[in-house]
$ cat upload29.tsv   # TSV, C-alpha atoms
chain	number	residue	atom	x	y	z
R	9	ALA	CA	107.00	-202.66	178.31
R	10	GLN	CA	107.75	-206.35	178.08
R	11	SER	CA	108.87	-207.57	174.69
R	12	VAL	CA	110.51	-210.43	172.87
R	13	SER	CA	112.87	-209.78	169.98
R	14	GLN	CA	114.03	-212.08	167.24
R	15	HIS	CA	116.55	-210.21	165.18
R	16	ASN	CA	116.90	-212.61	162.27
R	17	HIS	CA	113.75	-212.61	160.19
R	18	HIS	CA	115.12	-214.98	157.56
R	19	VAL	CA	117.89	-217.55	157.81
R	20	ILE	CA	119.07	-219.78	154.98
R	21	LEU	CA	121.35	-222.72	155.72
R	22	SER	CA	122.55	-225.83	153.98
R	23	GLU	CA	121.78	-229.26	155.35
R	24	ALA	CA	124.15	-230.36	158.13
R	25	ALA	CA	124.99	-226.77	159.06
R	26	SER	CA	124.71	-225.71	162.67
R	27	LEU	CA	121.86	-223.44	163.68
R	28	GLU	CA	121.52	-220.71	166.23
R	29	LEU	CA	118.48	-218.44	166.29
R	30	GLY	CA	118.57	-215.45	168.56
R	31	CYS	CA	115.88	-214.46	171.06
R	32	ASN	CA	116.09	-211.63	173.56
R	33	TYR	CA	113.49	-210.50	176.01
R	34	SER	CA	112.93	-207.29	177.85
R	35	TYR	CA	111.77	-207.76	181.44
R	36	GLY	CA	113.53	-207.54	184.79
R	37	GLY	CA	111.52	-210.16	186.66
R	38	THR	CA	110.94	-213.88	186.45
R	39	VAL	CA	110.29	-215.18	182.95
R	40	ASN	CA	109.11	-218.42	181.44
R	41	LEU	CA	110.32	-218.86	177.89
R	42	PHE	CA	109.28	-221.02	174.97
R	43	TRP	CA	110.24	-221.82	171.43
R	44	TYR	CA	107.48	-222.79	169.04
R	45	VAL	CA	107.79	-224.03	165.47
R	46	GLN	CA	105.32	-223.68	162.63
R	47	TYR	CA	105.89	-225.97	159.66
R	48	PRO	CA	104.37	-224.83	156.36
R	49	GLY	CA	100.61	-225.20	156.51
R	50	GLN	CA	100.59	-226.50	160.06
R	51	HIS	CA	99.77	-225.17	163.49
R	52	LEU	CA	102.22	-223.87	166.07
R	53	GLN	CA	103.95	-226.65	167.99
R	54	LEU	CA	105.95	-226.44	171.18
R	55	LEU	CA	109.66	-227.18	170.67
R	56	LEU	CA	110.92	-226.58	174.18
R	57	LYS	CA	110.37	-224.50	177.28
R	58	TYR	CA	112.23	-223.03	180.21
R	59	PHE	CA	110.63	-222.11	183.49
R	60	SER	CA	113.26	-222.91	186.14
R	61	GLY	CA	116.26	-225.13	186.89
R	62	ASP	CA	118.90	-226.07	184.35
R	63	PRO	CA	119.26	-223.16	181.94
R	64	LEU	CA	120.13	-225.53	179.10
R	65	VAL	CA	116.90	-227.12	177.97
R	66	LYS	CA	116.47	-229.83	175.42
R	67	GLY	CA	113.45	-230.13	173.23
R	68	ILE	CA	112.11	-232.27	170.47
R	69	LYS	CA	113.84	-233.04	167.19
R	70	GLY	CA	117.34	-232.37	168.52
R	71	PHE	CA	116.77	-228.72	169.40
R	72	GLU	CA	118.09	-227.11	172.55
R	73	ALA	CA	118.08	-223.62	174.01
R	74	GLU	CA	120.09	-221.86	176.65
R	75	PHE	CA	118.64	-219.30	179.04
R	76	ILE	CA	121.26	-216.68	179.88
R	77	LYS	CA	119.72	-214.34	182.42
R	78	SER	CA	122.57	-211.82	182.30
R	79	LYS	CA	122.07	-211.41	178.57
R	80	PHE	CA	118.26	-211.62	178.63
R	81	SER	CA	118.60	-214.26	175.96
R	82	PHE	CA	117.12	-217.65	175.09
R	83	ASN	CA	118.78	-218.71	171.86
R	84	LEU	CA	117.72	-221.82	170.00
R	85	ARG	CA	120.38	-224.21	168.69
R	86	LYS	CA	120.68	-227.37	166.68
R	87	PRO	CA	124.06	-228.87	165.79
R	88	SER	CA	123.08	-230.21	162.37
R	89	VAL	CA	119.94	-229.11	160.54
R	90	GLN	CA	117.92	-231.14	158.09
R	91	TRP	CA	115.80	-230.09	155.14
R	92	SER	CA	112.72	-230.99	157.24
R	93	ASP	CA	113.61	-228.21	159.72
R	94	THR	CA	112.41	-225.67	157.18
R	95	ALA	CA	109.78	-223.76	159.14
R	96	GLU	CA	109.10	-220.56	161.02
R	97	TYR	CA	110.39	-220.42	164.59
R	98	PHE	CA	108.89	-218.25	167.28
R	99	CYS	CA	110.28	-217.32	170.67
R	100	ALA	CA	107.71	-216.40	173.32
R	101	GLY	CA	107.54	-215.79	177.02
R	102	TYR	CA	105.46	-215.14	180.08
R	103	MET	CA	106.62	-212.11	181.96
R	104	ASP	CA	104.27	-210.37	184.32
R	105	SER	CA	101.33	-212.67	183.75
R	106	ASN	CA	100.72	-216.41	183.57
R	107	TYR	CA	98.25	-216.28	180.72
R	108	GLN	CA	99.54	-213.88	178.10
R	109	LEU	CA	102.42	-215.06	175.98
R	110	ILE	CA	104.46	-212.29	174.42
R	111	TRP	CA	105.84	-213.31	171.06
R	112	GLY	CA	108.74	-212.43	168.87
R	113	ALA	CA	108.11	-211.73	165.20
R	114	GLY	CA	109.44	-215.12	164.14
R	115	THR	CA	112.38	-216.34	162.10
R	116	LYS	CA	111.80	-218.08	158.80
R	117	LEU	CA	114.35	-220.84	158.40
R	118	ILE	CA	115.01	-222.32	154.99
R	119	ILE	CA	117.25	-225.36	154.68
R	120	LYS	CA	118.71	-225.99	151.26
R	121	PRO	CA	118.99	-229.68	150.43
Z	1	ASP	CA	90.55	-235.83	171.37
Z	2	THR	CA	93.41	-235.09	169.05
Z	3	GLY	CA	93.91	-231.42	169.63
Z	4	VAL	CA	92.40	-227.98	169.34
Z	5	SER	CA	89.93	-227.62	166.48
Z	6	GLN	CA	89.02	-224.39	164.77
Z	7	ASP	CA	86.26	-223.80	162.30
Z	8	PRO	CA	86.22	-222.60	159.60
Z	9	ARG	CA	89.78	-222.86	158.30
Z	10	HIS	CA	89.22	-220.00	155.89
Z	11	LYS	CA	86.65	-217.25	155.76
Z	12	ILE	CA	86.25	-214.60	153.09
Z	13	THR	CA	83.79	-211.87	153.90
Z	14	LYS	CA	82.78	-208.50	152.60
Z	15	ARG	CA	83.63	-205.42	154.57
Z	16	GLY	CA	80.88	-204.57	157.02
Z	17	GLN	CA	79.69	-208.14	157.52
Z	18	ASN	CA	79.82	-209.97	160.85
Z	19	VAL	CA	81.84	-213.16	161.22
Z	20	THR	CA	81.99	-215.78	163.94
Z	21	PHE	CA	84.72	-218.36	164.49
Z	22	ARG	CA	84.54	-221.43	166.66
Z	23	CYS	CA	87.19	-223.14	168.75
Z	24	ASP	CA	86.95	-226.54	170.40
Z	25	PRO	CA	89.77	-226.98	172.94
Z	26	ILE	CA	91.29	-230.14	174.31
Z	27	SER	CA	88.62	-231.45	176.65
Z	28	GLU	CA	90.68	-231.49	179.85
Z	29	HIS	CA	92.05	-227.98	179.27
Z	30	ASN	CA	90.12	-225.41	181.24
Z	31	ARG	CA	91.95	-222.40	179.82
Z	32	LEU	CA	91.22	-221.15	176.33
Z	33	TYR	CA	92.94	-218.29	174.52
Z	34	TRP	CA	92.42	-216.29	171.36
Z	35	TYR	CA	95.32	-214.76	169.46
Z	36	ARG	CA	95.59	-212.91	166.18
Z	37	GLN	CA	98.52	-213.29	163.82
Z	38	THR	CA	99.28	-211.02	160.91
Z	39	LEU	CA	101.86	-211.61	158.23
Z	40	GLY	CA	105.41	-211.29	159.46
Z	41	GLN	CA	104.42	-211.01	163.09
Z	42	GLY	CA	104.10	-213.31	166.04
Z	43	PRO	CA	100.70	-213.98	167.56
Z	44	GLU	CA	99.06	-211.13	169.44
Z	45	PHE	CA	97.03	-211.93	172.55
Z	46	LEU	CA	93.35	-211.02	172.42
Z	47	THR	CA	91.55	-212.65	175.33
Z	48	TYR	CA	91.34	-215.76	177.49
Z	49	PHE	CA	88.90	-217.83	179.49
Z	50	GLN	CA	89.24	-220.00	182.52
Z	51	ASN	CA	86.28	-222.34	182.27
Z	52	GLU	CA	83.40	-220.06	181.27
Z	53	ALA	CA	84.83	-216.93	182.85
Z	54	GLN	CA	86.49	-214.41	180.55
Z	55	LEU	CA	89.33	-213.24	182.76
Z	56	GLU	CA	91.05	-210.85	180.42
Z	57	LYS	CA	89.48	-208.98	177.56
Z	58	SER	CA	91.14	-205.61	177.61
Z	59	ARG	CA	93.36	-206.64	174.71
Z	60	LEU	CA	90.48	-207.22	172.35
Z	61	LEU	CA	91.24	-204.90	169.47
Z	62	SER	CA	88.04	-202.89	169.55
Z	63	ASP	CA	84.46	-203.14	170.74
Z	64	ARG	CA	83.67	-204.87	167.45
Z	65	PHE	CA	85.43	-207.95	168.83
Z	66	SER	CA	83.76	-210.19	171.38
Z	67	ALA	CA	84.27	-213.73	172.62
Z	68	GLU	CA	82.19	-216.20	174.55
Z	69	ARG	CA	82.64	-219.57	176.17
Z	70	PRO	CA	79.16	-220.19	177.51
Z	71	LYS	CA	79.55	-223.68	178.96
Z	72	GLY	CA	83.27	-223.71	179.55
Z	73	SER	CA	83.87	-225.95	176.57
Z	74	PHE	CA	83.93	-224.48	173.04
Z	75	SER	CA	84.40	-220.78	172.42
Z	76	THR	CA	83.35	-218.35	169.73
Z	77	LEU	CA	85.04	-215.17	168.56
Z	78	GLU	CA	82.83	-212.67	166.77
Z	79	ILE	CA	83.91	-209.67	164.76
Z	80	GLN	CA	81.17	-207.24	163.89
Z	81	ARG	CA	81.25	-204.82	160.97
Z	82	THR	CA	84.47	-206.26	159.63
Z	83	GLU	CA	87.14	-203.99	158.19
Z	84	GLN	CA	89.96	-204.80	155.81
Z	85	GLY	CA	92.43	-204.41	158.67
Z	86	ASP	CA	90.80	-207.37	160.39
Z	87	SER	CA	92.26	-209.69	157.77
Z	88	ALA	CA	94.55	-212.02	159.69
Z	89	MET	CA	94.91	-215.53	161.08
Z	90	TYR	CA	92.89	-216.01	164.27
Z	91	LEU	CA	94.40	-218.62	166.52
Z	92	CYS	CA	92.84	-220.47	169.40
Z	93	ALA	CA	94.85	-222.30	172.03
Z	94	SER	CA	94.08	-224.20	175.18
Z	95	SER	CA	96.03	-225.20	178.24
Z	96	LEU	CA	95.91	-226.69	181.68
Z	97	PRO	CA	95.72	-224.29	184.62
Z	98	LEU	CA	99.51	-224.00	184.74
Z	99	PRO	CA	100.35	-222.98	181.20
Z	100	SER	CA	103.77	-221.77	182.18
Z	101	GLU	CA	104.74	-225.35	182.81
Z	102	PHE	CA	103.07	-227.13	179.95
Z	103	GLY	CA	102.59	-224.46	177.35
Z	104	TYR	CA	99.70	-224.06	175.01
Z	105	THR	CA	98.25	-226.36	172.39
Z	106	PHE	CA	97.30	-224.37	169.33
Z	107	GLY	CA	94.67	-224.98	166.72
Z	108	SER	CA	95.37	-224.55	163.03
Z	109	GLY	CA	93.70	-221.17	162.97
Z	110	THR	CA	91.01	-219.46	160.95
Z	111	ARG	CA	92.30	-217.27	158.15
Z	112	LEU	CA	90.02	-214.29	157.66
Z	113	THR	CA	90.10	-212.24	154.48
Z	114	VAL	CA	87.97	-209.11	154.35
Z	115	VAL	CA	87.37	-207.83	150.84

$ encode --input "upload29.tsv" --output "structure tokens"
Amino acid sequence: AQSVSQHNHHVILSEAASLELGCNYSYGGTVNLFWYVQYPGQHLQLLLKYFSGDPLVKGIKGFEAEFIKSKFSFNLRKPSVQWSDTAEYFCAGYMDSNYQLIWGAGTKLIIKP
Amino acid sequence: DTGVSQDPRHKITKRGQNVTFRCDPISEHNRLYWYRQTLGQGPEFLTYFQNEAQLEKSRLLSDRFSAERPKGSFSTLEIQRTEQGDSAMYLCASSLPLPSEFGYTFGSGTRLTVV
């Protein structure tokens, strides 16, 4: 069955540290992948997406992600985090449908000031 | 139109009661989706509409769950005979016909607590 895995449930970093959040998917066909962020008390917001072309995609707020098909991965990165990046980050993807997003369990990121 | 609106934001109900949630999507989005999110998990797909047609409902959690979008605009999600296990955040999202390109826009959700 198709699935999305986020192995780090909680990450704590200091400001200015570099960030990489892991996301792996399980599906042998074409995928469209997304990262969403949920700030405390707010709704889910799209950070970035990949559906074709350049596997390195850039999103809002300085985030980027790289699609590595051979590793079934779509890791999220940011070179220098800020306290305001404290949030929960979700990886999600379309696999065999174009309407049902399959979600990872999320990673709670806490940035210490 | 500033986004997807959900009402109410919070609902506390007694076990066995029926509840109904409303979602108003972005007006030019013809697709509307319902998801459920429990603590520590990502959202779980429930159902979706294209205009007024409910194109996928097999993932609704039981026959106590039903959704409508009668005029292709707002949608309602009803849970009958609520159980404590129904306590969760219910999310609505909307999108253009090619969601794989543009993604979803989510509402803030309705948090249901069944006591």

$ atom_distance --input "upload29.tsv" --atom1 "CA of Lys116 (chain R)" --atom2 "CA of Gln6 (chain Z)"
24.4 Å

$ residues_around --input "upload29.tsv" --residues "Ile68 (chain R)" --least-positions-apart "4" --cutoff "9 Å" --atoms "all atoms listed in the file" --output "list in words"
Leu54, Leu55, Leu56 and Glu72 of chain R

$ interface_residues --input "upload29.tsv" --of "chain Z" --to "chain R" --cutoff "10 Å" --atoms "all atoms listed in the file" --output "ChimeraX atom specification"
/Z:4,31-33,35,37-50,55-56,91,93,95,97-109

$ atom_distance --input "upload29.tsv" --atom1 "CA of Leu96 (chain Z)" --atom2 "CA of Ala67 (chain Z)"
19.6 Å

$ residues_around --input "upload29.tsv" --residues "Lys79 (chain R)" --least-positions-apart "4" --cutoff "12 Å" --atoms "all atoms listed in the file" --output "PDB file with C-alpha atoms, in the frame of the given file"
ATOM      1  CA  GLY R  30     118.570-215.450 168.560  1.00  0.00           C
ATOM      2  CA  CYS R  31     115.880-214.460 171.060  1.00  0.00           C
ATOM      3  CA  ASN R  32     116.090-211.630 173.560  1.00  0.00           C
ATOM      4  CA  TYR R  33     113.490-210.500 176.010  1.00  0.00           C
ATOM      5  CA  SER R  34     112.930-207.290 177.850  1.00  0.00           C
ATOM      6  CA  TYR R  35     111.770-207.760 181.440  1.00  0.00           C
ATOM      7  CA  GLY R  36     113.530-207.540 184.790  1.00  0.00           C
ATOM      8  CA  GLU R  74     120.090-221.860 176.650  1.00  0.00           C
ATOM      9  CA  PHE R  75     118.640-219.300 179.040  1.00  0.00           C
ATOM     10  CA  ASN R  83     118.780-218.710 171.860  1.00  0.00           C
TER      11      ASN R  83
END

$ axis_aligned_box --input "upload29.tsv" --around "region 75-90 of chain Z" --padding-each-side "5 Å" --output "lines of an AutoDock Vina configuration file"
center_x = 88.0
center_y = -212.4
center_z = 164.1
size_x = 23.7
size_y = 26.8
size_z = 26.6

$ residues_around --input "upload29.tsv" --residues "Ala95 (chain R)" --least-positions-apart "3" --cutoff "8 Å" --atoms "all atoms listed in the file" --output "list in words"
Val45, Gln46, Tyr47, Pro48, Lys116, Leu117 and Ile118 of chain R

$ write_last_selection --input "upload29.tsv" --atoms "C-alpha atoms" --output "PDB file, in the frame of the given file"
ATOM      1  CA  VAL R  45     107.790-224.030 165.470  1.00  0.00           C
ATOM      2  CA  GLN R  46     105.320-223.680 162.630  1.00  0.00           C
ATOM      3  CA  TYR R  47     105.890-225.970 159.660  1.00  0.00           C
ATOM      4  CA  PRO R  48     104.370-224.830 156.360  1.00  0.00           C
ATOM      5  CA  LYS R 116     111.800-218.080 158.800  1.00  0.00           C
ATOM      6  CA  LEU R 117     114.350-220.840 158.400  1.00  0.00           C
ATOM      7  CA  ILE R 118     115.010-222.320 154.990  1.00  0.00           C
TER       8      ILE R 118
END

$ atom_distance --input "upload29.tsv" --atom1 "CA of Leu60 (chain Z)" --atom2 "CA of Cys92 (chain Z)"
13.8 Å

$ residues_near_point --input "upload29.tsv" --point "(117.7, -211.6, 183.0)" --cutoff "8 Å" --atoms "all atoms listed in the file" --output "tab-separated table (two decimals) with C-alpha atoms, in the coordinates of the input"
chain	number	residue	atom	x	y	z
R	35	TYR	CA	111.77	-207.76	181.44
R	36	GLY	CA	113.53	-207.54	184.79
R	37	GLY	CA	111.52	-210.16	186.66
R	38	THR	CA	110.94	-213.88	186.45
R	76	ILE	CA	121.26	-216.68	179.88
R	77	LYS	CA	119.72	-214.34	182.42
R	78	SER	CA	122.57	-211.82	182.30
R	79	LYS	CA	122.07	-211.41	178.57
R	80	PHE	CA	118.26	-211.62	178.63
R	81	SER	CA	118.60	-214.26	175.96

$ closest_residue --input "upload29.tsv" --among "R:Ala25, R:Leu64, R:Met103, R:Ala73" --to "Pro87 (chain R)" --atoms "all atoms listed in the file"
R:Ala25

$ residues_around --input "upload29.tsv" --residues "Leu27 (chain R)" --least-positions-apart "5" --cutoff "9 Å" --atoms "all atoms listed in the file" --output "count of residues only"
7

$ residues_around --input "upload29.tsv" --residues "Val19 (chain Z)" --least-positions-apart "3" --cutoff "10 Å" --atoms "all atoms listed in the file" --output "VMD selection string"
chain Z and resid 11 to 14 16 65 77 to 82 112

$ closest_residue --input "upload29.tsv" --among "R:Trp43, R:Lys120, R:Leu29, R:Trp91" --to "Gln14 (chain R)" --atoms "all atoms listed in the file"
R:Leu29

$ closest_residue --input "upload29.tsv" --among "R:Asp104, R:Val65, R:Glu28, R:Phe71" --to "Ser11 (chain R)" --atoms "all atoms listed in the file"
R:Asp104

$ residues_near_point --input "upload29.tsv" --point "(87.6, -226.0, 178.9)" --cutoff "8 Å" --atoms "only C-alpha atoms" --output "JSON list (two decimals) with C-alpha atoms, in the coordinates of the input"
[["chain", "number", "residue", "atom", "x", "y", "z"],
["Z", 25, "PRO", "CA", 89.77, -226.98, 172.94],
["Z", 26, "ILE", "CA", 91.29, -230.14, 174.31],
["Z", 27, "SER", "CA", 88.62, -231.45, 176.65],
["Z", 28, "GLU", "CA", 90.68, -231.49, 179.85],
["Z", 29, "HIS", "CA", 92.05, -227.98, 179.27],
["Z", 30, "ASN", "CA", 90.12, -225.41, 181.24],
["Z", 31, "ARG", "CA", 91.95, -222.40, 179.82],
["Z", 32, "LEU", "CA", 91.22, -221.15, 176.33],
["Z", 50, "GLN", "CA", 89.24, -220.00, 182.52],
["Z", 51, "ASN", "CA", 86.28, -222.34, 182.27],
["Z", 52, "GLU", "CA", 83.40, -220.06, 181.27],
["Z", 72, "GLY", "CA", 83.27, -223.71, 179.55],
["Z", 73, "SER", "CA", 83.87, -225.95, 176.57],
["Z", 74, "PHE", "CA", 83.93, -224.48, 173.04],
["Z", 94, "SER", "CA", 94.08, -224.20, 175.18]]

$ decode --input "upload29.tsv" --residues "region 19-50 of chain R" --atoms "C-alpha atoms" --output "mmCIF file, in the first residue's frame"
data_model
loop_
_atom_site.group_PDB
_atom_site.id
_atom_site.type_symbol
_atom_site.label_atom_id
_atom_site.label_comp_id
_atom_site.auth_asym_id
_atom_site.auth_seq_id
_atom_site.Cartn_x
_atom_site.Cartn_y
_atom_site.Cartn_z
ATOM 1 C CA VAL R 19 13.268 17.891 16.256
ATOM 2 C CA ILE R 20 14.790 20.566 18.473
ATOM 3 C CA LEU R 21 17.315 22.996 17.023
ATOM 4 C CA SER R 22 18.897 26.271 17.970
ATOM 5 C CA GLU R 23 18.417 29.371 15.866
ATOM 6 C CA ALA R 24 20.745 29.544 12.850
ATOM 7 C CA ALA R 25 21.183 25.766 12.755
ATOM 8 C CA SER R 26 20.631 23.955 9.493
ATOM 9 C CA LEU R 27 17.527 21.834 9.103
ATOM 10 C CA GLU R 28 16.798 18.646 7.262
ATOM 11 C CA LEU R 29 13.539 16.763 7.790
ATOM 12 C CA GLY R 30 13.224 13.346 6.268
ATOM 13 C CA CYS R 31 10.337 12.113 4.125
ATOM 14 C CA ASN R 32 10.146 8.781 2.349
ATOM 15 C CA TYR R 33 7.338 7.410 0.277
ATOM 16 C CA SER R 34 6.374 3.947 -0.754
ATOM 17 C CA TYR R 35 5.102 3.719 -4.331
ATOM 18 C CA GLY R 36 6.670 2.556 -7.577
ATOM 19 C CA GLY R 37 4.851 4.877 -9.955
ATOM 20 C CA THR R 38 4.653 8.591 -10.593
ATOM 21 C CA VAL R 39 4.302 10.714 -7.481
ATOM 22 C CA ASN R 40 3.517 14.317 -6.727
ATOM 23 C CA LEU R 41 4.937 15.417 -3.399
ATOM 24 C CA PHE R 42 4.257 18.285 -1.039
ATOM 25 C CA TRP R 43 5.448 19.758 2.202
ATOM 26 C CA TYR R 44 2.914 21.539 4.361
ATOM 27 C CA VAL R 45 3.514 23.515 7.540
ATOM 28 C CA GLN R 46 1.154 24.084 10.437
ATOM 29 C CA TYR R 47 2.088 26.913 12.786
ATOM 30 C CA PRO R 48 0.617 26.731 16.294
ATOM 31 C CA GLY R 49 -3.089 27.453 16.150
ATOM 32 C CA GLN R 50 -3.139 27.910 12.397
#
